[in-house]
Structures are given as structure tokens and as C-alpha cells.
Amino acid sequence: MKIKHIEAIPLVRKLEDVFKGGTYVITSRNTIVTRVELDNGIVGEVFGGDEEQYQMDVCRVVNQTFAPLLAGTDVRDVEAHWQRMWDAVIDLGNRSIHMLDLAKHCAKTQAIAAVDIALWDALGKSLNQPVYKLLGGFRDKVPVIAIGGYVMDGAKAAALETEVQHYLDQGIHGMKLKVGRHTVEEDLARTRRVRKLAGPKFHLCTDANQAWTVEEALRFARGAADLNLAWLEEPVRWYDQIEGNARVRTAGIPVNLGQGEISRFGCKDLILRGAVDILNVDVTIAGGVTEWRRIAGMGASFGVNMAHHEEPQVALHLLAGVSNGICVEIFPNYSRDPMWFDLPEKQPAIKDGFMHLPEGPGFGLPLRADTISKYRVAVA
Ligand SMILES: [Mg+2]
């Protein structure tokens, strides 16, 4: 079970449509395929991340620093591999004003994640076990919600209703509604429309992507008090994540944060300072499976539940493997996330509001070689 070779392959794909959330615009769907080849013939191969700005930095760190660092070691020693990557000094040619440049650190934690996730896939395949079983096997199906409600140029007024019905028709019983691009009052009206159409049992939550001041977030929370929202995700602007979100929590709706955290240390601060009810830490950003399960364990000690930012191909196993996982999220929309439909040979089954764990070893989602060939680019 020794590691022979590790390679990160960047994929780049432009989207046909433009998707606008509270604070950003999406025009592409990039990702990284990471391969870990073992001397027993097993190949771990996963895709992860949707990174445009640092995609090449991440691939260079994997291919130039981590691949030689781990060559010849035993794939089972995931904690040892993680620590060696964490302790490694990397050179991104970055000569910025001081050592605390966050961009450098996020490229490193994404590179650790790419390798670590592929190691878990290779480990599962070597042991002929699904990753969620190796993590603890708490459940074999996970509630699934759709990410939607984007602002689209030229969209019709009825588009939101059509969208929600589309999710219900697919057996998806929940939705994360994008808010923050309209006024608070308009977003309250949109949220109310979805609740009315989808019914009281529908898992409805909102994601402002850090668009609001604390006062705006509180105004929204008070206005939505009767809508039984599962959570408010990133309600407050980037500079006030701790005290600001702690104030929003007082309105009584759970607050979900963490998709921008790059390690357990940032999550620790959110928990200890009372800023968060749910952590949606992204395994492809915050150091991979090995770090994510530490964070989930820390959350369990403080009554904090785990969600996950996108990346269902990995998140499904994480959320099934731990006791405090809530639900997995997907884009059930080819034009928003064509890689979800085109990269795996087959998507996990969705039925009656749940995504079911695939039975194959590793992450159980073999990738299509033709899709990788079509969208791969050279590491620049
Ligand atoms: Mg979010």
C-alpha cells in the first residue's frame, strides 16, 4: 500500500449562464482532479474544489512539493501524511509584505485537501470499503438540499416557483435560497414565496454570502421568524464574523458559517466565541477529510452540527460518517454545475429527500476519463 505517484490535474470549464449570489458572480466551473497511484495497482482519483484564482498554485504545490514528500510512504498513515504536508514550507513565489498573507495559506490548505481526499479514496479502494464506513458509518443516506435562487439576467418573475417545483420533482425536499442581492424586504418576500409553495416540512434556509450588515441580518431574521428556517448562512459581512454573527444568533434562527475557514483553528474561534450553530466547512478548502473529521469532532463537543459547502462527491461520505452531520447540498442544475453531471460515471441515487451512499469502495464515484481529457489544461 505504498504511494508511488501523486498528480493534480486542473480542469477549466466556462459556464453558459451567469449566476449571481449576494456578493459574487459565477461564470466558470473549474475543479482539480487528484490521482494517487499505489504500488498495489490501486489508483485513488477524486475531483474537488471550484477554485479559479489559486487553481494553478494548488496544483503546483501538490505536484512539486507534496508528491515527492509522500512518495514511498504507506497510504494508511493519513494523519502522518497530513502533518508532513502541514509542516512543509512551500514557495509560491509570493513576496508579499509579510508572512501572514492569507492567499498563500489557502493555496496550501487546498493542496493538502486535494492530496488527503485522494489518499482516502485510495485507502478505501485498497481495503475495499467505502470512505463513510471508514469514518464511522453513522448513516447510509443523507438528507439532500438544492442550492438555488440565484439572480439571473432576464429571469422571469415566476422563475423561483418553477425552480422549486423542479427540485420537488427530483425528490429533493429542501433548498438553500440565495439572498443578499435584493433589499432585505424583497428577500423576505422571496423566502416567504418559497415556504408557501414548498410547504412547512421543506428544509428551507438562506445564504447571504456575507452581504449584510448586522442590522440588516437582524432585520431579515426578525422578518423571517415565522418561516421556520433551518439556518441563516453567512449573514454578516466579512469583517465582523465573530461578534456580528453572535449578535445575529440572538434572533433565534441558527447561524451557519465556516465555508471560508481554512483550518480547525478558525472554526475553534467561531465556536468558542458563540458565533455559530452549524459549520459548513468545505473539505476541499480546509485540509481534506483528515482535518474535516477533527472539526466535526470539535463541533460535537459543543453541540455544533456539520453541514458542508458544495462538493457532494466527498461531503456525502463525511456527513454520513459522523453523528452530527445534517445534510448534503447539490446544484441539481446542469448549467450551474456541469461537472457534477459529467465527471462521475454515475451520480448517487436521490429518493424521498435523501441522497444514498454509493456502495463502491473509496468514494464510490469513478470518474469519466473523457471528461477529464476534454477539460484538462496544463499546470501553468
Ligand atoms: Mg454559502
# chains A, B, ... in the order shown; residues from 1 in each chain; ligands from 1

$ closest_atom_pairs --of "chain A" --to "ligand 1" --cutoff "7 Å" --atoms "only C-alpha atoms and all ligand atoms" --output "JSON lines"
{"residue": "A:Asp207", "atom": "CA", "partner": "ligand 1", "partner_atom_place_in_ligand_line": "1 (Mg)", "distance": 5.5}
{"residue": "A:Asn209", "atom": "CA", "partner": "ligand 1", "partner_atom_place_in_ligand_line": "1 (Mg)", "distance": 5.6}
{"residue": "A:Glu233", "atom": "CA", "partner": "ligand 1", "partner_atom_place_in_ligand_line": "1 (Mg)", "distance": 6.0}
{"residue": "A:Glu234", "atom": "CA", "partner": "ligand 1", "partner_atom_place_in_ligand_line": "1 (Mg)", "distance": 6.5}
{"residue": "A:Gln259", "atom": "CA", "partner": "ligand 1", "partner_atom_place_in_ligand_line": "1 (Mg)", "distance": 6.5}
{"residue": "A:His309", "atom": "CA", "partner": "ligand 1", "partner_atom_place_in_ligand_line": "1 (Mg)", "distance": 6.2}

$ select_by_dssp --residues "stretch 139-258 of chain A" --states "strand (DSSP E or B)" --output "list in words"
Lys141, Val142, Pro143, Val144, Ile145, Ala146, Ile147, Gly148, Val151, Gly174, Met175, Lys176, Leu177, Lys178, His203, Leu204, Cys205, Thr206, Asp207, Trp212, Leu232, Glu233, Val236, Val255, Asn256 and Leu257 of chain A

$ select_by_dssp --residues "stretch 55-250 of chain A" --states "helix (DSSP H, G or I)" --output "ChimeraX atom specification"
/A:55-70,78-87,102-127,131-135,159-169,184-198,214-223,238-240,243-249

$ atom_distance --atom1 "atom CA of A:Ala8" --atom2 "atom CA of A:Thr34"
4.4 Å

$ closest_residue --among "A:Gly154, A:Gly49, A:Gly353, A:Pro348" --to "A:His173" --atoms "only C-alpha atoms"
A:Gly353

$ residues_around --residues "A:Ser373" --least-positions-apart "2" --cutoff "12 Å" --atoms "only C-alpha atoms" --output "list in words"
Ile9, Pro10, Leu11, Val12, Arg13, Val33, Asp342, Leu343, Leu367, Arg368, Ala369, Asp370, Thr371, Tyr375, Arg376, Val377 and Ala378 of chain A

$ atom_distance --atom1 "atom CA of A:Ile6" --atom2 "atom CA of A:Phe363"
17.5 Å
